[in-house]
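Reading through the structure tokens given below for one structure.
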Amino acid sequence: MSEAVWVVLCNCPDQDSADRLATLMVERRLAACASRLPGVCAVYHWQGRIEHTEECSVLFKTTADRYPALESCLKTEHPYEIPEIIAWPISAGLGSYLDWVRAETRGDADA
């Protein structure tokens with residue numbers, strides 16, 4: 001069986017930080033692809049208040065094996081004290097795309 005491919009969601013405070021993280025994760029081959037989705041409205045409790053903020057979501061496509069390193073790098077590089085980092089496995093998808101994700105996240109992939 002082929003290695004599981006995952007989608008990882010991470011919200012960022014602005015487009016610049018989303019783009020920086022997306023580029024960094026792809027450069028380091030922690031993700032094969034990162035898709036930025038602007039205009040997300042987040043409503044949440046933080047430090048005793050309800051916050052309403054505009055954010056950018058980034059969807060990273062990676063593998064189960066690369067996820068721990070991706071999470072660690074996002075945690076280190078993200079501007080939030082506690083960044084939203086959630087992941088789920090892909091249960092179905094175009095085989096050639098999923099194979100591409102696997103190939104692009106291998107440490108020995110061509111640059």
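By convention here, the chains of the structure tokens are called A, B, ... in the order presented, each chain's residues are numbered starting at 1, and ligands are numbered starting at 1 in the order presented.
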
Residues near Leu30 (chain A), cut-off 8 Å, only C-alpha atoms, skip fewer than 3 positions along chain, as an MDAnalysis selection string: chainID A and resid 25:27 62 66:67 69:70 105

Per-residue DSSP, chain A, filtered to strand (DSSP E), as a ChimeraX atom specification: /A:5-12,33-46,49-63,85-89

Restricting the output to N, CA and C atoms, write the selected residues as a compact mmCIF listing (two decimals), in the first residue's frame.
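New file part_36.txt:
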```
# COMPACT_ATOMS: atom_id res chain seq x y z
N VAL A 5 -1.43 10.15 1.99
CA VAL A 5 -1.29 11.58 1.70
C VAL A 5 -2.27 12.32 2.60
N TRP A 6 -1.81 13.43 3.15
CA TRP A 6 -2.62 14.22 4.08
C TRP A 6 -2.81 15.63 3.57
N VAL A 7 -3.89 16.27 4.01
CA VAL A 7 -4.11 17.69 3.84
C VAL A 7 -3.96 18.33 5.22
N VAL A 8 -3.21 19.40 5.29
CA VAL A 8 -2.97 20.09 6.56
C VAL A 8 -3.46 21.53 6.41
N LEU A 9 -4.33 21.95 7.32
CA LEU A 9 -4.86 23.31 7.32
C LEU A 9 -4.12 24.14 8.35
N CYS A 10 -3.74 25.33 7.94
CA CYS A 10 -3.10 26.28 8.86
C CYS A 10 -3.59 27.68 8.50
N ASN A 11 -4.20 28.37 9.46
CA ASN A 11 -4.63 29.74 9.24
C ASN A 11 -3.52 30.71 9.64
N CYS A 12 -3.41 31.79 8.87
CA CYS A 12 -2.39 32.81 9.09
C CYS A 12 -3.04 34.18 9.21
N CYS A 33 2.69 20.89 -2.16
CA CYS A 33 1.88 22.01 -2.67
C CYS A 33 1.25 22.72 -1.48
N ALA A 34 1.06 24.01 -1.64
CA ALA A 34 0.35 24.80 -0.63
C ALA A 34 -0.63 25.71 -1.36
N SER A 35 -1.88 25.65 -0.98
CA SER A 35 -2.92 26.47 -1.61
C SER A 35 -3.42 27.50 -0.60
N ARG A 36 -3.28 28.78 -0.96
CA ARG A 36 -3.71 29.86 -0.07
C ARG A 36 -5.15 30.25 -0.39
N LEU A 37 -5.95 30.34 0.65
CA LEU A 37 -7.36 30.72 0.53
C LEU A 37 -7.57 32.00 1.34
N PRO A 38 -7.64 33.14 0.68
CA PRO A 38 -7.79 34.40 1.42
C PRO A 38 -9.22 34.62 1.90
N GLY A 39 -9.37 35.57 2.79
CA GLY A 39 -10.69 36.02 3.19
C GLY A 39 -11.44 35.11 4.15
N VAL A 40 -10.73 34.43 5.03
CA VAL A 40 -11.36 33.58 6.02
C VAL A 40 -11.68 34.43 7.25
N CYS A 41 -12.90 34.35 7.73
CA CYS A 41 -13.27 35.05 8.96
C CYS A 41 -13.25 34.06 10.10
N ALA A 42 -12.38 34.28 11.07
CA ALA A 42 -12.27 33.39 12.22
C ALA A 42 -12.93 34.04 13.44
N VAL A 43 -13.74 33.28 14.13
CA VAL A 43 -14.37 33.72 15.37
C VAL A 43 -13.97 32.71 16.44
N TYR A 44 -13.35 33.20 17.54
CA TYR A 44 -12.82 32.28 18.53
C TYR A 44 -12.63 32.99 19.87
N HIS A 45 -12.54 32.20 20.93
CA HIS A 45 -12.20 32.72 22.25
C HIS A 45 -10.69 32.83 22.34
N TRP A 46 -10.19 33.95 22.85
CA TRP A 46 -8.76 34.10 23.09
C TRP A 46 -8.56 35.06 24.26
N ARG A 49 -11.72 36.78 25.68
CA ARG A 49 -12.56 37.58 24.78
C ARG A 49 -12.92 36.77 23.55
N ILE A 50 -14.01 37.16 22.92
CA ILE A 50 -14.34 36.59 21.62
C ILE A 50 -13.71 37.48 20.56
N GLU A 51 -12.90 36.89 19.73
CA GLU A 51 -12.19 37.60 18.66
C GLU A 51 -12.85 37.34 17.32
N HIS A 52 -12.82 38.34 16.46
CA HIS A 52 -13.25 38.22 15.06
C HIS A 52 -12.08 38.73 14.22
N THR A 53 -11.44 37.85 13.47
CA THR A 53 -10.29 38.26 12.68
C THR A 53 -10.39 37.74 11.26
N GLU A 54 -9.82 38.51 10.35
CA GLU A 54 -9.68 38.07 8.97
C GLU A 54 -8.35 37.34 8.87
N GLU A 55 -8.37 36.17 8.26
CA GLU A 55 -7.17 35.37 8.12
C GLU A 55 -7.08 34.81 6.71
N CYS A 56 -5.95 34.22 6.40
CA CYS A 56 -5.75 33.44 5.18
C CYS A 56 -5.53 32.00 5.60
N SER A 57 -6.24 31.08 4.96
CA SER A 57 -6.00 29.66 5.20
C SER A 57 -5.00 29.15 4.19
N VAL A 58 -4.17 28.22 4.62
CA VAL A 58 -3.27 27.53 3.70
C VAL A 58 -3.53 26.04 3.85
N LEU A 59 -3.73 25.38 2.71
CA LEU A 59 -3.89 23.93 2.68
C LEU A 59 -2.60 23.34 2.14
N PHE A 60 -1.90 22.60 2.97
CA PHE A 60 -0.67 21.94 2.57
C PHE A 60 -0.99 20.49 2.22
N LYS A 61 -0.39 19.99 1.14
CA LYS A 61 -0.53 18.59 0.79
C LYS A 61 0.81 17.91 1.06
N THR A 62 0.79 16.88 1.92
CA THR A 62 2.01 16.22 2.36
C THR A 62 1.72 14.74 2.56
N THR A 63 2.70 14.04 3.14
CA THR A 63 2.51 12.63 3.46
C THR A 63 2.53 12.43 4.96
N ILE A 85 -3.14 24.23 13.45
CA ILE A 85 -2.54 23.24 12.55
C ILE A 85 -3.35 21.97 12.74
N ILE A 86 -4.14 21.62 11.73
CA ILE A 86 -4.94 20.40 11.81
C ILE A 86 -4.75 19.62 10.51
N ALA A 87 -4.80 18.31 10.63
CA ALA A 87 -4.51 17.47 9.47
C ALA A 87 -5.51 16.32 9.39
N TRP A 88 -5.74 15.89 8.18
CA TRP A 88 -6.56 14.71 7.98
C TRP A 88 -6.08 13.96 6.75
N PRO A 89 -6.21 12.64 6.79
CA PRO A 89 -5.77 11.83 5.64
C PRO A 89 -6.77 11.94 4.49
```

Separation of CA of Ala64 (chain A) from CA of Glu3 (chain A), in Å and rounded to one decimal: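 We find that CA of Ala64 (chain A) and CA of Glu3 (chain A) lie 7.0 Å from each other.
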
Residues of region 23-104 of chain A in helix (DSSP H, G or I), written as a ChimeraX atom specification: /A:23-27,67-77,95-104
